[in-house]
file data_24.cif (mmCIF, C-alpha atoms)
data_start
loop_
_atom_site.label_atom_id
_atom_site.label_comp_id
_atom_site.auth_asym_id
_atom_site.auth_seq_id
_atom_site.Cartn_x
_atom_site.Cartn_y
_atom_site.Cartn_z
CA MET A 1 2.34 -15.57 -10.40
CA GLU A 2 -1.24 -15.24 -9.23
CA GLU A 3 -2.25 -11.81 -8.00
CA THR A 4 -3.93 -13.03 -4.82
CA ILE A 5 -2.36 -15.15 -2.10
CA GLY A 6 -4.72 -17.10 0.13
CA VAL A 7 -8.45 -17.71 0.22
CA THR A 8 -11.06 -14.96 0.29
CA SER A 9 -14.04 -15.02 2.65
CA ALA A 10 -16.99 -12.68 3.07
CA ALA A 11 -15.45 -11.18 6.19
CA GLN A 12 -12.35 -9.94 4.38
CA ILE A 13 -11.74 -6.56 2.78
CA PRO A 14 -10.70 -7.27 -0.80
CA LYS A 15 -11.71 -5.05 -3.65
CA GLN A 16 -15.22 -6.06 -4.66
CA ARG A 17 -16.42 -5.66 -8.21
CA GLY A 18 -18.67 -2.63 -8.54
CA GLU A 19 -17.98 -1.42 -5.01
CA ALA A 20 -17.71 2.35 -4.81
CA LEU A 21 -14.56 4.00 -3.50
CA LEU A 22 -16.67 5.44 -0.69
CA ASP A 23 -17.75 1.98 0.48
CA THR A 24 -14.21 0.64 0.33
CA ALA A 25 -12.74 3.58 2.27
CA VAL A 26 -15.42 3.22 4.95
CA ARG A 27 -14.72 -0.49 5.27
CA TYR A 28 -10.97 0.10 5.69
CA ALA A 29 -11.71 2.47 8.57
CA GLU A 30 -14.56 0.51 10.11
CA GLU A 31 -13.39 -3.08 9.74
CA ARG A 32 -9.60 -2.78 9.63
CA HIS A 33 -9.23 0.32 11.85
CA TRP A 34 -6.91 1.98 9.34
CA ASP A 35 -6.76 5.76 9.02
CA VAL A 36 -7.74 6.87 5.53
CA PHE A 37 -7.71 10.15 3.64
CA ALA A 38 -9.05 11.27 0.29
CA GLY A 39 -6.43 12.05 -2.33
CA THR A 40 -6.58 13.40 -5.87
CA TRP A 41 -8.71 11.80 -8.58
CA LEU A 42 -8.82 11.42 -12.34
CA GLU A 43 -10.94 13.69 -14.50
CA TYR A 44 -11.37 14.20 -18.24
CA ALA A 45 -10.30 17.46 -19.87
CA GLY A 46 -10.35 17.83 -23.63
CA GLY A 47 -10.76 14.10 -24.06
CA VAL A 48 -7.67 13.38 -21.97
CA GLU A 49 -7.69 11.84 -18.50
CA ARG A 50 -5.68 14.04 -16.12
CA CYS A 51 -5.02 14.34 -12.41
CA SER A 52 -7.31 16.67 -10.48
CA CYS A 53 -4.19 18.52 -9.24
CA GLY A 54 -3.99 20.18 -12.68
CA ASP A 55 -0.37 19.21 -13.37
CA ALA A 56 -0.18 17.74 -16.89
CA ASP A 57 3.09 16.02 -15.92
CA CYS A 58 1.88 14.63 -12.59
CA ASP A 59 4.03 11.69 -11.45
CA ALA A 60 1.15 9.86 -9.79
CA PRO A 61 -2.04 11.03 -11.53
CA GLY A 62 -5.07 10.45 -9.34
CA ALA A 63 -3.07 8.81 -6.55
CA HIS A 64 -1.42 11.42 -4.32
CA PRO A 65 -2.52 13.81 -1.54
CA ALA A 66 -4.75 16.66 -2.65
CA ARG A 67 -3.53 19.04 0.05
CA GLU A 68 -0.37 19.68 2.03
CA ASP A 69 -2.03 19.08 5.40
CA TRP A 70 -3.17 15.60 4.40
CA ALA A 71 -1.76 14.03 7.59
CA SER A 72 -4.16 16.04 9.73
CA GLN A 73 -7.08 15.07 7.50
CA ALA A 74 -6.52 11.31 7.84
CA THR A 75 -9.28 9.70 9.90
CA GLY A 76 -10.09 6.37 11.45
CA SER A 77 -13.77 7.33 11.74
CA ALA A 78 -16.06 5.55 9.29
CA THR A 79 -18.52 8.44 9.61
CA VAL A 80 -15.91 11.05 8.67
CA ALA A 81 -14.58 8.82 5.86
CA ARG A 82 -18.07 8.54 4.43
CA ARG A 83 -18.42 12.32 4.49
CA LEU A 84 -15.05 12.80 2.74
CA TRP A 85 -15.91 10.50 -0.15
CA GLN A 86 -19.46 11.81 -0.43
CA LYS A 87 -17.82 15.15 -1.13
CA HIS A 88 -15.30 13.67 -3.63
CA PRO A 89 -16.65 10.27 -4.83
CA LYS A 90 -13.76 9.69 -7.25
CA ALA A 91 -10.98 10.52 -4.79
CA SER A 92 -8.18 8.01 -4.37
CA ILE A 93 -7.95 6.06 -1.11
CA LEU A 94 -4.67 6.80 0.64
CA LEU A 95 -3.47 5.26 3.91
CA PRO A 96 -0.95 7.09 6.14
CA THR A 97 1.91 4.89 7.33
CA GLY A 98 3.48 5.13 10.77
CA ARG A 99 0.11 4.74 12.49
CA ALA A 100 -1.59 1.33 12.27
CA PHE A 101 1.25 0.00 10.12
CA ASP A 102 4.47 0.78 8.28
CA ALA A 103 5.06 -0.53 4.75
CA ILE A 104 8.18 -2.11 3.25
CA ASP A 105 8.28 -1.04 -0.40
CA VAL A 106 10.18 -3.22 -2.91
CA PRO A 107 10.21 -3.85 -6.68
CA GLU A 108 7.49 -6.22 -7.87
CA THR A 109 9.91 -8.90 -9.07
CA ALA A 110 11.65 -8.96 -5.71
CA GLY A 111 8.31 -8.90 -3.92
CA PHE A 112 6.98 -12.00 -5.65
CA LEU A 113 10.29 -13.81 -5.11
CA ALA A 114 10.11 -12.95 -1.40
CA LEU A 115 6.45 -14.01 -1.18
CA ALA A 116 7.28 -17.44 -2.56
CA ARG A 117 10.15 -17.81 -0.11
CA MET A 118 8.03 -16.64 2.83
CA GLU A 119 5.36 -19.22 2.00
CA ARG A 120 7.99 -21.98 2.01
CA MET A 121 9.23 -20.66 5.38
CA GLU A 122 5.61 -20.55 6.62
CA LEU A 123 6.02 -16.95 7.78
CA THR A 124 2.99 -14.97 8.90
CA LEU A 125 2.29 -12.14 6.47
CA GLY A 126 0.23 -8.99 6.69
CA PRO A 127 -1.56 -7.47 3.69
CA VAL A 128 0.56 -6.74 0.61
CA THR A 129 -0.31 -4.28 -2.17
CA ARG A 130 0.80 -4.35 -5.79
CA THR A 131 0.90 -1.03 -7.67
CA PRO A 132 0.73 -0.29 -11.43
CA ASP A 133 4.28 1.10 -11.32
CA ARG A 134 5.47 -2.42 -10.44
CA ARG A 135 6.08 -1.96 -6.73
CA MET A 136 4.85 -3.99 -3.76
CA GLN A 137 4.25 -2.81 -0.20
CA PHE A 138 4.34 -5.28 2.70
CA PHE A 139 2.37 -4.07 5.74
CA VAL A 140 4.23 -4.53 9.04
CA LEU A 141 4.01 -3.21 12.59
CA PRO A 142 4.77 0.50 13.08
CA GLY A 143 8.39 1.30 13.86
CA ALA A 144 9.83 -0.56 10.89
CA ALA A 145 11.07 2.62 9.23
CA ALA A 146 13.46 3.22 12.12
CA LYS A 147 14.62 -0.40 12.42
CA SER A 148 14.93 -1.63 8.85
CA PRO A 149 18.22 0.12 7.84
CA GLY A 150 20.04 -1.46 10.79
CA LEU A 151 18.49 -4.85 10.10
CA VAL A 152 19.51 -4.67 6.44
CA ARG A 153 23.11 -3.85 7.46
CA LYS A 154 23.18 -6.86 9.81
CA LEU A 155 22.20 -9.02 6.84
CA GLY A 156 25.26 -7.76 4.98
CA TRP A 157 23.65 -5.19 2.68
CA PRO A 158 24.36 -1.45 2.66
CA PRO A 159 20.82 0.01 2.65
CA ALA A 160 21.65 2.23 -0.34
CA ALA A 161 22.74 -0.81 -2.38
CA ILE A 162 19.31 -2.43 -2.58
CA ASP A 163 15.93 -1.09 -3.64
CA LEU A 164 14.12 -1.51 -0.33
CA VAL A 165 12.37 1.49 1.23
CA THR A 166 10.33 1.51 4.43
CA ARG A 167 7.43 3.96 4.65
CA GLY A 168 6.73 5.18 8.15
CA GLU A 169 5.52 8.36 9.83
CA GLY A 170 4.91 11.17 7.34
CA ALA A 171 4.44 8.85 4.36
CA TYR A 172 1.49 6.98 2.84
CA VAL A 173 0.50 4.19 0.48
CA ALA A 174 -2.31 4.03 -2.06
CA ALA A 175 -4.93 1.38 -1.28
CA PRO A 176 -6.92 -0.78 -3.71
CA PRO A 177 -8.78 0.03 -5.90
CA THR A 178 -7.05 3.44 -6.38
CA ARG A 179 -6.03 4.05 -10.00
CA PHE A 180 -2.68 5.45 -11.20
CA GLY A 181 -3.76 7.31 -14.33
CA ALA A 182 -3.95 5.04 -17.37
CA SER A 183 -1.52 2.55 -15.81
CA GLY A 184 -4.17 0.65 -13.87
CA ALA A 185 -5.31 0.17 -10.30
CA VAL A 186 -3.60 -0.82 -7.08
CA GLN A 187 -4.37 -4.47 -6.27
CA TRP A 188 -3.92 -6.83 -3.36
CA ALA A 189 -1.11 -9.36 -3.76
CA CYS A 190 -2.04 -10.61 -0.28
CA ARG A 191 -5.50 -9.51 0.80
CA PRO A 192 -6.54 -8.32 4.27
CA THR A 193 -8.05 -11.26 6.16
CA ALA A 194 -9.04 -12.12 9.69
CA ALA A 195 -5.88 -14.23 9.88
CA ASN A 196 -3.50 -11.38 9.03
CA ARG A 197 -5.12 -8.70 11.17
CA TRP A 198 -2.11 -9.05 13.51
CA LEU A 199 0.81 -7.73 11.51
CA PRO A 200 4.33 -9.15 11.57
CA ASP A 201 7.27 -7.17 12.89
CA CYS A 202 9.66 -6.14 10.15
CA GLU A 203 12.34 -8.36 11.75
CA GLU A 204 10.24 -11.39 10.79
CA ILE A 205 10.20 -10.71 7.04
CA ILE A 206 13.14 -8.39 6.34
CA SER A 207 15.55 -11.25 5.54
CA PRO A 208 13.64 -12.71 2.53
CA LEU A 209 12.84 -9.19 1.30
CA ALA A 210 16.46 -8.02 1.52
CA TYR A 211 17.66 -11.24 -0.12
CA ALA A 212 15.22 -10.81 -3.02
CA CYS A 213 16.15 -7.14 -3.47
CA GLY A 214 19.85 -8.00 -3.33
CA ARG A 215 19.36 -10.65 -6.00
CA GLU A 216 17.65 -8.08 -8.21
CA ALA A 217 20.48 -5.59 -7.59
CA ARG A 218 23.05 -8.11 -8.83
CA ARG A 219 21.28 -8.63 -12.17
#

call {"tool": "encode", "arguments": {"input": "data_24.cif", "output": "C-alpha cells"}}
result
Amino acid sequence: MEETIGVTSAAQIPKQRGEALLDTAVRYAEERHWDVFAGTWLEYAGGVERCSCGDADCDAPGAHPAREDWASQATGSATVARRLWQKHPKASILLPTGRAFDAIDVPETAGFLALARMERMELTLGPVTRTPDRRMQFFVLPGAAAKSPGLVRKLGWPPAAIDLVTRGEGAYVAAPPTRFGASGAVQWACRPTAANRWLPDCEEIISPLAYACGREARR
C-alpha cells in the first residue's frame, strides 16, 4: 500500500526533502500547535552508529527522551523549539501525547487494513505515523487513553487480547523524519493537512482499528 494517503499541498506539514530537523520541529509547533521536545540522536563511534544515550543495546536508538524530565521540557513555542534544535541539530523530534492529541498504536498490518476500511466508510482521519518497527499511530482527541479499553470491551474484545495500545498523558510518539537507528525513519501514512487539523474522537475510529487488530490476533 502507498505510504501517503491523500493529496499534499504547500500548506501542509509533511516531511520535505532536505528540510532540517530544526525547521520541521519549529513547523510542528508553529503551524500545528503541537508541543515538541528534543530527544536523543544518532552519532558515530568507532565506525558504528549508536544512540547518544551511550547504551550499546538501546531499544530505540536516536528516538527516545534524552532526559527524565522530558515532559517539562516539551514546548509549544516555535522560538523555544528553534533554540532546542540549534543546541542539538540532530536530536529526534518527539511529541508528548495527552496534550494536543492521544495516539492509538497498532501493528502496521492492522493499521493499513483499518485505513482501507476507514476510507470505504468515509471516516474523518487525523494524521497517522508509520514507524520503522512496523507500528502505526493514529492521532485522536485527548482522552482516548482513558476511554479506549472500555470501548474495546464493548466491541467484544478483551483489551489484553489484541495489540492495540493508546498513548496518552505521560507518553510520547516520534515524529517524522526521526530515525530509529539503522532501521529507517518515521514516515507519515496520513499526513497533517488543513482538512485533518480537527482530530476525530477515538470512538469514531476504534471499531475498524479493533477489528483489524483482532483479525491479526487470530492469525

call {"tool": "resolve_selection", "arguments": {"input": "data_24.cif", "expression": "the PyMOL selection byres ((chain A and resi 31) around 12)", "output": "ChimeraX atom specification"}}
result
/A:11-14,23-30,32-35,76-78,192-194,197

call {"tool": "write_last_selection", "arguments": {"input": "data_24.cif", "atoms": "C-alpha atoms", "output": "PDB file, keeping the file's coordinate frame"}}
result
ATOM      1  CA  ALA A  11     -15.450 -11.180   6.190  1.00  0.00           C
ATOM      2  CA  GLN A  12     -12.350  -9.940   4.380  1.00  0.00           C
ATOM      3  CA  ILE A  13     -11.740  -6.560   2.780  1.00  0.00           C
ATOM      4  CA  PRO A  14     -10.700  -7.270  -0.800  1.00  0.00           C
ATOM      5  CA  ASP A  23     -17.750   1.980   0.480  1.00  0.00           C
ATOM      6  CA  THR A  24     -14.210   0.640   0.330  1.00  0.00           C
ATOM      7  CA  ALA A  25     -12.740   3.580   2.270  1.00  0.00           C
ATOM      8  CA  VAL A  26     -15.420   3.220   4.950  1.00  0.00           C
ATOM      9  CA  ARG A  27     -14.720  -0.490   5.270  1.00  0.00           C
ATOM     10  CA  TYR A  28     -10.970   0.100   5.690  1.00  0.00           C
ATOM     11  CA  ALA A  29     -11.710   2.470   8.570  1.00  0.00           C
ATOM     12  CA  GLU A  30     -14.560   0.510  10.110  1.00  0.00           C
ATOM     13  CA  ARG A  32      -9.600  -2.780   9.630  1.00  0.00           C
ATOM     14  CA  HIS A  33      -9.230   0.320  11.850  1.00  0.00           C
ATOM     15  CA  TRP A  34      -6.910   1.980   9.340  1.00  0.00           C
ATOM     16  CA  ASP A  35      -6.760   5.760   9.020  1.00  0.00           C
ATOM     17  CA  GLY A  76     -10.090   6.370  11.450  1.00  0.00           C
ATOM     18  CA  SER A  77     -13.770   7.330  11.740  1.00  0.00           C
ATOM     19  CA  ALA A  78     -16.060   5.550   9.290  1.00  0.00           C
ATOM     20  CA  PRO A 192      -6.540  -8.320   4.270  1.00  0.00           C
ATOM     21  CA  THR A 193      -8.050 -11.260   6.160  1.00  0.00           C
ATOM     22  CA  ALA A 194      -9.040 -12.120   9.690  1.00  0.00           C
ATOM     23  CA  ARG A 197      -5.120  -8.700  11.170  1.00  0.00           C
TER      24      ARG A 197
END

call {"tool": "atom_distance", "arguments": {"input": "data_24.cif", "atom1": "atom CA of A:Gln137", "atom2": "atom CA of A:Gly168"}}
result
11.8 Å

call {"tool": "residues_near_point", "arguments": {"input": "data_24.cif", "point": "(-11.1, 3.0, -6.3)", "cutoff": "10 Å", "atoms": "all atoms listed in the file", "output": "JSON list (two decimals) with C-alpha atoms, keeping the file's coordinate frame"}}
result
[["chain", "number", "residue", "atom", "x", "y", "z"],
["A", 15, "LYS", "CA", -11.71, -5.05, -3.65],
["A", 18, "GLY", "CA", -18.67, -2.63, -8.54],
["A", 19, "GLU", "CA", -17.98, -1.42, -5.01],
["A", 20, "ALA", "CA", -17.71, 2.35, -4.81],
["A", 21, "LEU", "CA", -14.56, 4.00, -3.50],
["A", 22, "LEU", "CA", -16.67, 5.44, -0.69],
["A", 23, "ASP", "CA", -17.75, 1.98, 0.48],
["A", 24, "THR", "CA", -14.21, 0.64, 0.33],
["A", 25, "ALA", "CA", -12.74, 3.58, 2.27],
["A", 41, "TRP", "CA", -8.71, 11.80, -8.58],
["A", 63, "ALA", "CA", -3.07, 8.81, -6.55],
["A", 89, "PRO", "CA", -16.65, 10.27, -4.83],
["A", 90, "LYS", "CA", -13.76, 9.69, -7.25],
["A", 91, "ALA", "CA", -10.98, 10.52, -4.79],
["A", 92, "SER", "CA", -8.18, 8.01, -4.37],
["A", 93, "ILE", "CA", -7.95, 6.06, -1.11],
["A", 174, "ALA", "CA", -2.31, 4.03, -2.06],
["A", 175, "ALA", "CA", -4.93, 1.38, -1.28],
["A", 176, "PRO", "CA", -6.92, -0.78, -3.71],
["A", 177, "PRO", "CA", -8.78, 0.03, -5.90],
["A", 178, "THR", "CA", -7.05, 3.44, -6.38],
["A", 179, "ARG", "CA", -6.03, 4.05, -10.00],
["A", 185, "ALA", "CA", -5.31, 0.17, -10.30],
["A", 186, "VAL", "CA", -3.60, -0.82, -7.08]]

call {"tool": "residues_around", "arguments": {"input": "data_24.cif", "residues": "A:Phe138", "least_positions_apart": "2", "cutoff": "6 Å", "atoms": "all atoms listed in the file", "output": "number ranges by chain"}}
result
A: 103-104, 128

call {"tool": "atom_distance", "arguments": {"input": "data_24.cif", "atom1": "atom CA of A:Pro132", "atom2": "atom CA of A:Thr109"}}
result
12.8 Å

call {"tool": "resolve_selection", "arguments": {"input": "data_24.cif", "expression": "the PyMOL selection byres ((chain A and resi 148) around 12)", "output": "PyMOL selection string"}}
result
chain A and resi 102-105+140-147+149-155+157-159+164-168+201-207+209-210

call {"tool": "axis_aligned_box", "arguments": {"input": "data_24.cif", "around": "stretch 29-39 of chain A", "padding_each_side": "4 Å", "output": "AutoDock Vina command-line options"}}
result
--center_x -10.5 --center_y 4.5 --center_z 4.8 --size_x 16.1 --size_y 23.1 --size_z 22.2

call {"tool": "closest_residue", "arguments": {"input": "data_24.cif", "among": "A:Cys213, A:Val48, A:Ala71, A:Ala60", "to": "A:Gly98", "atoms": "all atoms listed in the file"}}
result
A:Ala71

call {"tool": "closest_residue", "arguments": {"input": "data_24.cif", "among": "A:Thr75, A:Leu94, A:Cys58, A:Ala100", "to": "A:Glu169", "atoms": "all atoms listed in the file"}}
result
A:Ala100

call {"tool": "atom_distance", "arguments": {"input": "data_24.cif", "atom1": "atom CA of A:Asp59", "atom2": "atom CA of A:Arg215"}}
result
27.6 Å

call {"tool": "closest_residue", "arguments": {"input": "data_24.cif", "among": "A:Asp133, A:Asp163, A:Asp57, A:Glu49", "to": "A:Ala182", "atoms": "all atoms listed in the file"}}
result
A:Glu49

call {"tool": "closest_residue", "arguments": {"input": "data_24.cif", "among": "A:Pro127, A:Arg50, A:Val36, A:Gly184", "to": "A:Leu199", "atoms": "all atoms listed in the file"}}
result
A:Pro127

call {"tool": "resolve_selection", "arguments": {"input": "data_24.cif", "expression": "the PyMOL selection byres ((chain A and resi 51) around 8)", "output": "mmCIF file with C-alpha atoms, in the coordinates of the input"}}
result
data_model
loop_
_atom_site.group_PDB
_atom_site.id
_atom_site.type_symbol
_atom_site.label_atom_id
_atom_site.label_comp_id
_atom_site.auth_asym_id
_atom_site.auth_seq_id
_atom_site.Cartn_x
_atom_site.Cartn_y
_atom_site.Cartn_z
ATOM 1 C CA THR A 40 -6.580 13.400 -5.870
ATOM 2 C CA TRP A 41 -8.710 11.800 -8.580
ATOM 3 C CA LEU A 42 -8.820 11.420 -12.340
ATOM 4 C CA GLU A 43 -10.940 13.690 -14.500
ATOM 5 C CA GLU A 49 -7.690 11.840 -18.500
ATOM 6 C CA ARG A 50 -5.680 14.040 -16.120
ATOM 7 C CA SER A 52 -7.310 16.670 -10.480
ATOM 8 C CA CYS A 53 -4.190 18.520 -9.240
ATOM 9 C CA GLY A 54 -3.990 20.180 -12.680
ATOM 10 C CA ASP A 55 -0.370 19.210 -13.370
ATOM 11 C CA ALA A 56 -0.180 17.740 -16.890
ATOM 12 C CA CYS A 58 1.880 14.630 -12.590
ATOM 13 C CA PRO A 61 -2.040 11.030 -11.530
ATOM 14 C CA GLY A 62 -5.070 10.450 -9.340
ATOM 15 C CA GLY A 181 -3.760 7.310 -14.330
#

call {"tool": "closest_residue", "arguments": {"input": "data_24.cif", "among": "A:Arg134, A:Arg67, A:Arg191, A:Arg218", "to": "A:Glu108", "atoms": "all atoms listed in the file"}}
result
A:Arg134

call {"tool": "closest_residue", "arguments": {"input": "data_24.cif", "among": "A:Glu122, A:Lys87, A:Thr79, A:Ala217", "to": "A:Pro107", "atoms": "all atoms listed in the file"}}
result
A:Ala217

call {"tool": "decode", "arguments": {"input": "data_24.cif", "residues": "stretch 168-181 of chain A", "atoms": "N, CA and C atoms", "output": "PDB file, in the first residue's frame"}}
result
ATOM      1  N   GLY A 168      -1.392   8.190  25.973  1.00  0.00           N
ATOM      2  CA  GLY A 168      -1.981   9.422  26.476  1.00  0.00           C
ATOM      3  C   GLY A 168      -0.997  10.188  27.335  1.00  0.00           C
ATOM      4  N   GLU A 169      -1.469  10.786  28.412  1.00  0.00           N
ATOM      5  CA  GLU A 169      -0.621  11.605  29.274  1.00  0.00           C
ATOM      6  C   GLU A 169       0.559  10.791  29.812  1.00  0.00           C
ATOM      7  N   GLY A 170       1.747  11.363  29.738  1.00  0.00           N
ATOM      8  CA  GLY A 170       2.948  10.700  30.219  1.00  0.00           C
ATOM      9  C   GLY A 170       3.664   9.878  29.166  1.00  0.00           C
ATOM     10  N   ALA A 171       3.114   9.820  27.960  1.00  0.00           N
ATOM     11  CA  ALA A 171       3.745   9.062  26.874  1.00  0.00           C
ATOM     12  C   ALA A 171       4.097  10.025  25.732  1.00  0.00           C
ATOM     13  N   TYR A 172       4.632   9.476  24.659  1.00  0.00           N
ATOM     14  CA  TYR A 172       5.047  10.304  23.516  1.00  0.00           C
ATOM     15  C   TYR A 172       5.096   9.445  22.263  1.00  0.00           C
ATOM     16  N   VAL A 173       5.170  10.115  21.118  1.00  0.00           N
ATOM     17  CA  VAL A 173       5.413   9.431  19.853  1.00  0.00           C
ATOM     18  C   VAL A 173       6.561  10.152  19.144  1.00  0.00           C
ATOM     19  N   ALA A 174       7.267   9.427  18.306  1.00  0.00           N
ATOM     20  CA  ALA A 174       8.320  10.025  17.482  1.00  0.00           C
ATOM     21  C   ALA A 174       7.688  10.551  16.195  1.00  0.00           C
ATOM     22  N   ALA A 175       8.083  11.756  15.805  1.00  0.00           N
ATOM     23  CA  ALA A 175       7.500  12.390  14.618  1.00  0.00           C
ATOM     24  C   ALA A 175       8.442  12.291  13.430  1.00  0.00           C
ATOM     25  N   PRO A 176       7.913  12.217  12.218  1.00  0.00           N
ATOM     26  CA  PRO A 176       8.756  12.286  11.021  1.00  0.00           C
ATOM     27  C   PRO A 176       9.567  13.576  11.027  1.00  0.00           C
ATOM     28  N   PRO A 177      10.818  13.550  10.570  1.00  0.00           N
ATOM     29  CA  PRO A 177      11.551  12.424   9.980  1.00  0.00           C
ATOM     30  C   PRO A 177      12.526  11.748  10.956  1.00  0.00           C
ATOM     31  N   THR A 178      12.171  11.617  12.220  1.00  0.00           N
ATOM     32  CA  THR A 178      13.044  10.985  13.222  1.00  0.00           C
ATOM     33  C   THR A 178      13.467   9.595  12.768  1.00  0.00           C
ATOM     34  N   ARG A 179      14.744   9.278  12.960  1.00  0.00           N
ATOM     35  CA  ARG A 179      15.285   7.971  12.576  1.00  0.00           C
ATOM     36  C   ARG A 179      15.388   7.041  13.781  1.00  0.00           C
ATOM     37  N   PHE A 180      15.107   5.762  13.559  1.00  0.00           N
ATOM     38  CA  PHE A 180      15.300   4.700  14.551  1.00  0.00           C
ATOM     39  C   PHE A 180      16.558   3.929  14.162  1.00  0.00           C
ATOM     40  N   GLY A 181      17.712   4.391  14.586  1.00  0.00           N
ATOM     41  CA  GLY A 181      18.954   3.697  14.266  1.00  0.00           C
ATOM     42  C   GLY A 181      19.078   3.425  12.786  1.00  0.00           C
TER      43      GLY A 181
END
